[in-house]
Number of protein chains: 4
Amino acid sequence: MGKLEVNKKAKEDSLLVTAYKLFTTKGVTATSVSDIAHSAGVGKGTFYLYFKDKYDLKNRLVAKHSSRLFRTAAAELEASGKKLDFKEKMIFIIDSILNQLNDNQALLTFISKNLSWGIFKNALTSHTQADELDFMDIYNQMIADAHGHINEPEVMIFMITELISSTCYSAILYKEPVSLEELKPYLYQSISDIIDRHMADEVSGN
Amino acid sequence: MGKLEVNKKAKEDSLLVTAYKLFTTKGVTATSVSDIAHSAGVGKGTFYLYFKDKYDLKNRLVAKHSSRLFRTAAAELEASGKKLDFKEKMIFIIDSILNQLNDNQALLTFISKNLSWGIFKNALTSHTQADELDFMDIYNQMIADAHGHINEPEVMIFMITELISSTCYSAILYKEPVSLEELKPYLYQSISDIIDRHMADEVSGN
Amino acid sequence: MGKLEVNKKAKEDSLLVTAYKLFTTKGVTATSVSDIAHSAGVGKGTFYLYFKDKYDLKNRLVAKHSSRLFRTAAAELEASGKKLDFKEKMIFIIDSILNQLNDNQALLTFISKNLSWGIFKNALTSHTQADELDFMDIYNQMIADAHGHINEPEVMIFMITELISSTCYSAILYKEPVSLEELKPYLYQSISDIIDRHMADEVSGN
Amino acid sequence: MGKLEVNKKAKEDSLLVTAYKLFTTKGVTATSVSDIAHSAGVGKGTFYLYFKDKYDLKNRLVAKHSSRLFRTAAAELEASGKKLDFKEKMIFIIDSILNQLNDNQALLTFISKNLSWGIFKNALTSHTQADELDFMDIYNQMIADAHGHINEPEVMIFMITELISSTCYSAILYKEPVSLEELKPYLYQSISDIIDRHMADEVSGN
DNA sequence: TATGAATGAGATTTCATTCAT
DNA sequence: AATGAATGAAATCTCATTCAT
């Protein structure tokens with residue numbers, strides 16, 4: 001990487017880091033492109049050399065920090081040294097992610113309802129920089145892991161992802177209808193049921 | 001109701017109807033307060049008398065049209081004349097709502113991810129105009145209906161609502177990861193499981 | 001005067017007094033009708049029962065306080081007990097008015113360039129309430145006083161009034177191009193000359 | 001001058017020209033910033049980039065068109081080829097200005113009472129664009145011209161300017177108390193007297 | 001590439017005035 | 001007559017985005 005490219009990368013990183021700080025502090029709407037550029041020490045015009053607009057930047061940050069959640073969870077799973085089956089792994093990872101979000105509510109507010117299955121797809125198709133790449137690995141591995149003995153793994157992951165992300169938002173931030181800790185048993189039970197259904201030979205009762 | 005109040009109500013209705021038309025046609029962001037006020041035939045200042053800002057109006061409309069979905073579903077259930085148990089009723093209502101959204105994708109785009117359990121709470125606490133009132137009745141009746149033999153009915157409803165609303169968005173609008181019709185069996189199976197778990201004596205496996 | 005009329009008059013007076021206080025404190029533009037009505041303890045609608053609009057009220061106040069300047073000056077002339085000829089009387093009155101304005105710059109700012117000959121005409125034609133009535137007496141007496149031996153007394157008064165009012169504004173408020181005290185000799189000299197010319201048989205040199 | 005600056009100047013000129021047209025046609029109050037910006041083909045925000053508010057623009061226009069009056073008068077004096085002394089020059093210029101205003105009453109209404117000595121000062125200190133520059137030359141030359149043999153030339157010019165501007169308004173627009181033609185002899189006599197007094201060795205009679 | 005002044009769309013606020021009570 | 005909520009015109013401000021340098 002040449003000096004110029006290093007510099008270029010540095011500017012982009014500076015913008016990403018600065019914007020994340022502002023977004024999680026003041027909120028996305030209340031943060032102007034001016035704020036970001038000024039805080040990052042670059043001109044306003046420069047911002048547009050790296051990002052299409054504020055929402056492009058926001059999406060990149062959501063993807064980046066979502067993937068970090070997964071990678072951290074995967075690393076914890078690795079570090080635990082536990083020998084777990086597929087379902088146990090899933091629950092382990094989900095539990096880690098929920099705990100991370102519970103400990104970093106600014107991040108949860110920022111990611112908001114966007115920690116969804118769509119992120120996987122977006123991450124797959126657009127702007128996959130170095131950072132976010134291994135995130136896809138994790139996803140693919142999870143799918144591969146499940147393959148063979150799991151019926152429609154994508155649908156399963158989709159349902160689980162959406163269920164977790166949409167319920168945790170309200171539970172963590174507002175303790176509505178119950179706190180995260182109170183919700184967890186019900187949530188994990190449902191996830192367990194969803195996985196079980198997808199491991200059974202076919203969809204029943206329908 | 002005096003002349004003034006009739007007129008006032010008419011203005012507010014005009015703003016709501018006009019805004020809904022514009023929001024579902026052009027999208028919320030592309031619709032300006034000017035557009036709305038002008039189309040509704042009132043001054044911009046008047047707009048701010050009825051609504052805090054564009055997003056207040058949007059929330060009111062989301063609540064209004066969400067509740068309409070539920071009420072329509074409830075009416076269909078009534079009209080069907082079927083004798084169904086609680087779980088069957090739930091599935092019937094959910095199926096109706098999903099079909100309504102599938103038939104009116106502009107509405108789904110508008111409601112977006114906001115068709116959530118939070119709506120129940122908001123509808124309960126704020127701006128409960130005549131329109132939205134019976135919506136709460138339905139909810140309360142569902143809860144009451146479930147009471148006694150259902151463990152933590154609020155948590156159950158919460159989980160079901162969030163699961164449906166977040167999955168249907170992607171399935172209906174983008175057929176991702178699968179179309180609504182393909183998703184339904186899995187979805188209904190999960191809902192059925194969630195209800196079953198809450199009808200059992202206690203949360204197990206935890 | 002019946003109770004109702006007394007009350008009515010009281011409200012009008014309250015509005016006038018309150019408005020004068022606000023106008024001279026915050027300026028006319030920065031004072032809203034709401035401010036005035038609220039400070040006077042009446043409803044906003046009530047304001048419009050007494051005044052056509054803010055500028056009607058302003059004009060009434062300018063007339064009222066302008067006339068007060070003249071009446072005070074006339075009273076001082078009376079009180080001085082001096083035996084003065086017409087020209088000396090004029091200078092005496094003018095000097096008194098300039099001193100009053102110098103001592104009350106908020107009033108000068110308020111009256112601004114409106115302390116003009118036009119005031120005489122306005123006072124004559126419109127809204128001549130009890131208060132402003134004797135102001136016209138003074139004016140008429142000055143004209144009558146001058147009559148016979150003064151050529152075109154109205155033109156003379158007009159020129160003098162305009163010269164004083166437009167020069168004193170800049171001299172008192174900004175000491176531009178010179179302070180009031182420095183300006184006075186030149187001003188009084190010119191006034192003296194104007195009067196002299198109008199007391200001569202005819203306009204010469206033209 | 002780069003492309004940007006040319007464009008910028010064009011925008012400002014467009015705003016000035018458009019605003020002048022609207023101000024003299026509909027009046028200042030009845031002309032909104034929206035009107036001006038829209039007619040000039042620029043956004044409202046752009047307006048506020050060039051002018052603090054409507055009154056800033058108005059002041060700029062008053063200065064600009066006032067100075068034009070003086071420059072036109074000076075040009076006419078030059079063109080006349082007459083050899084006149086200082087007093088005759090002053091009267092010539094004043095007569096030209098009064099005639100210009102009489103012929104363009106919309107302009108007089110616009111300038112209103114603001115054709116005052118203060119204009120000289122403002123023109124001197126602020127926003128002296130190419131246009132208004134030579135106006136100061138005229139003024140300075142008049143002062144220089146008078147220097148040596150004229151006592152306090154600034155005070156003299158001040159008094160004359162204020163006398164003319166405040167009297168002509170009423171005389172031209174309302175023929176009150178007399179028409180411009182009837183007023184002129186008295187006015188010019190007074191001006192002549194003022195100049196004479198300032199050419200004498202000292203202020204007398206005081 | 002980098003910049004930030006310039007732009008204009010649009011949000012929001014202010015406020016004079018009207019009008020049903 | 002008295003009121004103040006309602007109205008809408010217009011002022012002002014904010015800010016994303018463009019563009020000449």
# chains A, B, ... in the order shown; residues from 1 in each chain; ligands from 1
$ interface_residues --of "chain C" --to "chain F" --cutoff "8 Å" --atoms "only C-alpha atoms (C1' of nucleotides)" --output "VMD selection string"
chain C and resid 43 to 46
$ write_last_selection --atoms "N, CA and C atoms" --output "CSV table (one decimal), in the first residue's frame"
chain,number,residue,atom,x,y,z
C,43,GLY,N,-57.0,39.8,26.3
C,43,GLY,CA,-56.8,38.8,25.3
C,43,GLY,C,-56.3,39.4,24.0
C,44,LYS,N,-55.7,38.6,23.1
C,44,LYS,CA,-55.2,39.1,21.9
C,44,LYS,C,-56.3,39.7,21.0
C,45,GLY,N,-57.4,39.1,21.0
C,45,GLY,CA,-58.5,39.6,20.2
C,45,GLY,C,-59.0,41.0,20.7
C,46,THR,N,-58.9,41.2,22.0
C,46,THR,CA,-59.3,42.5,22.5
C,46,THR,C,-58.5,43.6,21.9
$ interface_residues --of "chain E" --to "chain D" --cutoff "10 Å" --atoms "only C-alpha atoms (C1' of nucleotides)" --output "ChimeraX atom specification"
/E:5-9
$ interface_residues --of "chain D" --to "chain C" --cutoff "10 Å" --atoms "only C-alpha atoms" --output "ChimeraX atom specification"
/D:113-114,116-118,121,152,154-168,170,176-178,182-195,197-198,203-206
$ select_by_dssp --residues "segment 26-88 of chain A" --states "helix (DSSP H, G or I)" --output "number ranges by chain"
A: 26, 33-40, 44-50, 54-80, 86-88
$ write_last_selection --atoms "N, CA and C atoms" --output "compact mmCIF listing (two decimals), in the first residue's frame"
# COMPACT_ATOMS: atom_id res chain seq x y z
N LYS A 26 -25.04 11.39 19.77
CA LYS A 26 -26.10 12.35 19.48
C LYS A 26 -27.24 11.76 18.68
N VAL A 33 -23.44 15.99 8.40
CA VAL A 33 -22.23 15.67 7.65
C VAL A 33 -21.13 16.66 8.02
N SER A 34 -21.52 17.90 8.24
CA SER A 34 -20.57 18.92 8.68
C SER A 34 -19.87 18.50 9.97
N ASP A 35 -20.68 18.12 10.93
CA ASP A 35 -20.15 17.64 12.22
C ASP A 35 -19.09 16.58 11.98
N ILE A 36 -19.46 15.59 11.21
CA ILE A 36 -18.58 14.45 10.99
C ILE A 36 -17.28 14.90 10.34
N ALA A 37 -17.41 15.64 9.24
CA ALA A 37 -16.22 16.06 8.49
C ALA A 37 -15.34 16.94 9.38
N HIS A 38 -15.97 17.87 10.05
CA HIS A 38 -15.20 18.79 10.89
C HIS A 38 -14.48 18.04 12.01
N SER A 39 -15.22 17.15 12.69
CA SER A 39 -14.62 16.39 13.78
C SER A 39 -13.50 15.48 13.29
N ALA A 40 -13.64 15.01 12.06
CA ALA A 40 -12.62 14.11 11.51
C ALA A 40 -11.45 14.90 10.93
N LYS A 44 -15.71 19.15 4.07
CA LYS A 44 -17.02 18.56 3.87
C LYS A 44 -17.07 17.81 2.54
N GLY A 45 -16.44 18.40 1.55
CA GLY A 45 -16.43 17.78 0.22
C GLY A 45 -15.74 16.42 0.24
N THR A 46 -14.74 16.31 1.09
CA THR A 46 -13.98 15.06 1.19
C THR A 46 -14.87 13.89 1.61
N PHE A 47 -15.79 14.21 2.49
CA PHE A 47 -16.73 13.19 2.95
C PHE A 47 -17.34 12.45 1.77
N TYR A 48 -17.72 13.22 0.77
CA TYR A 48 -18.42 12.63 -0.38
C TYR A 48 -17.50 11.87 -1.32
N LEU A 49 -16.22 11.96 -1.07
CA LEU A 49 -15.30 11.13 -1.85
C LEU A 49 -15.33 9.69 -1.34
N TYR A 50 -15.69 9.55 -0.08
CA TYR A 50 -15.65 8.22 0.53
C TYR A 50 -17.03 7.58 0.70
N LYS A 54 -24.85 10.33 3.97
CA LYS A 54 -24.80 10.01 5.39
C LYS A 54 -25.29 8.59 5.65
N TYR A 55 -26.25 8.14 4.88
CA TYR A 55 -26.85 6.85 5.13
C TYR A 55 -25.99 5.70 4.61
N ASP A 56 -25.21 6.00 3.61
CA ASP A 56 -24.23 5.03 3.15
C ASP A 56 -23.23 4.77 4.29
N LEU A 57 -22.76 5.86 4.85
CA LEU A 57 -21.83 5.76 5.99
C LEU A 57 -22.49 5.00 7.14
N LYS A 58 -23.72 5.35 7.43
CA LYS A 58 -24.42 4.70 8.52
C LYS A 58 -24.53 3.20 8.28
N ASN A 59 -24.90 2.81 7.07
CA ASN A 59 -25.03 1.39 6.75
C ASN A 59 -23.70 0.66 6.89
N ARG A 60 -22.64 1.33 6.46
CA ARG A 60 -21.32 0.73 6.59
C ARG A 60 -20.99 0.49 8.05
N LEU A 61 -21.34 1.46 8.88
CA LEU A 61 -21.06 1.33 10.31
C LEU A 61 -21.92 0.25 10.96
N VAL A 62 -23.18 0.19 10.55
CA VAL A 62 -24.04 -0.85 11.10
C VAL A 62 -23.48 -2.22 10.75
N ALA A 63 -23.10 -2.39 9.49
CA ALA A 63 -22.53 -3.66 9.04
C ALA A 63 -21.27 -3.98 9.83
N LYS A 64 -20.41 -2.99 9.93
CA LYS A 64 -19.13 -3.18 10.62
C LYS A 64 -19.33 -3.61 12.07
N HIS A 65 -20.19 -2.89 12.78
CA HIS A 65 -20.36 -3.18 14.19
C HIS A 65 -21.25 -4.40 14.43
N SER A 66 -22.13 -4.70 13.50
CA SER A 66 -22.90 -5.94 13.62
C SER A 66 -21.96 -7.12 13.49
N SER A 67 -21.10 -7.04 12.49
CA SER A 67 -20.20 -8.16 12.25
C SER A 67 -19.25 -8.34 13.44
N ARG A 68 -18.89 -7.22 14.03
CA ARG A 68 -18.02 -7.32 15.20
C ARG A 68 -18.70 -8.09 16.33
N LEU A 69 -20.01 -7.88 16.46
CA LEU A 69 -20.77 -8.62 17.47
C LEU A 69 -20.65 -10.12 17.24
N PHE A 70 -20.83 -10.52 15.98
CA PHE A 70 -20.77 -11.94 15.65
C PHE A 70 -19.37 -12.48 15.86
N ARG A 71 -18.38 -11.72 15.41
CA ARG A 71 -17.00 -12.20 15.52
C ARG A 71 -16.58 -12.34 16.98
N THR A 72 -16.99 -11.37 17.77
CA THR A 72 -16.67 -11.45 19.19
C THR A 72 -17.33 -12.69 19.81
N ALA A 73 -18.58 -12.92 19.44
CA ALA A 73 -19.30 -14.10 19.95
C ALA A 73 -18.59 -15.38 19.52
N ALA A 74 -18.18 -15.41 18.26
CA ALA A 74 -17.49 -16.61 17.75
C ALA A 74 -16.17 -16.82 18.49
N ALA A 75 -15.48 -15.74 18.75
CA ALA A 75 -14.21 -15.83 19.46
C ALA A 75 -14.43 -16.35 20.88
N GLU A 76 -15.49 -15.86 21.50
CA GLU A 76 -15.80 -16.34 22.86
C GLU A 76 -16.12 -17.84 22.88
N LEU A 77 -16.85 -18.23 21.84
CA LEU A 77 -17.19 -19.64 21.72
C LEU A 77 -15.91 -20.48 21.61
N GLU A 78 -15.02 -20.01 20.75
CA GLU A 78 -13.72 -20.65 20.54
C GLU A 78 -12.96 -20.73 21.87
N ALA A 79 -12.90 -19.59 22.54
CA ALA A 79 -12.11 -19.47 23.78
C ALA A 79 -12.67 -20.34 24.90
N SER A 80 -13.97 -20.56 24.84
CA SER A 80 -14.60 -21.32 25.93
C SER A 80 -14.09 -22.78 25.97
N PHE A 86 -24.64 -28.23 17.52
CA PHE A 86 -25.07 -27.07 16.73
C PHE A 86 -26.02 -26.14 17.48
N LYS A 87 -27.03 -26.71 18.08
CA LYS A 87 -28.02 -25.90 18.78
C LYS A 87 -27.39 -25.16 19.95
N GLU A 88 -26.53 -25.86 20.66
CA GLU A 88 -25.86 -25.22 21.80
C GLU A 88 -24.97 -24.07 21.33
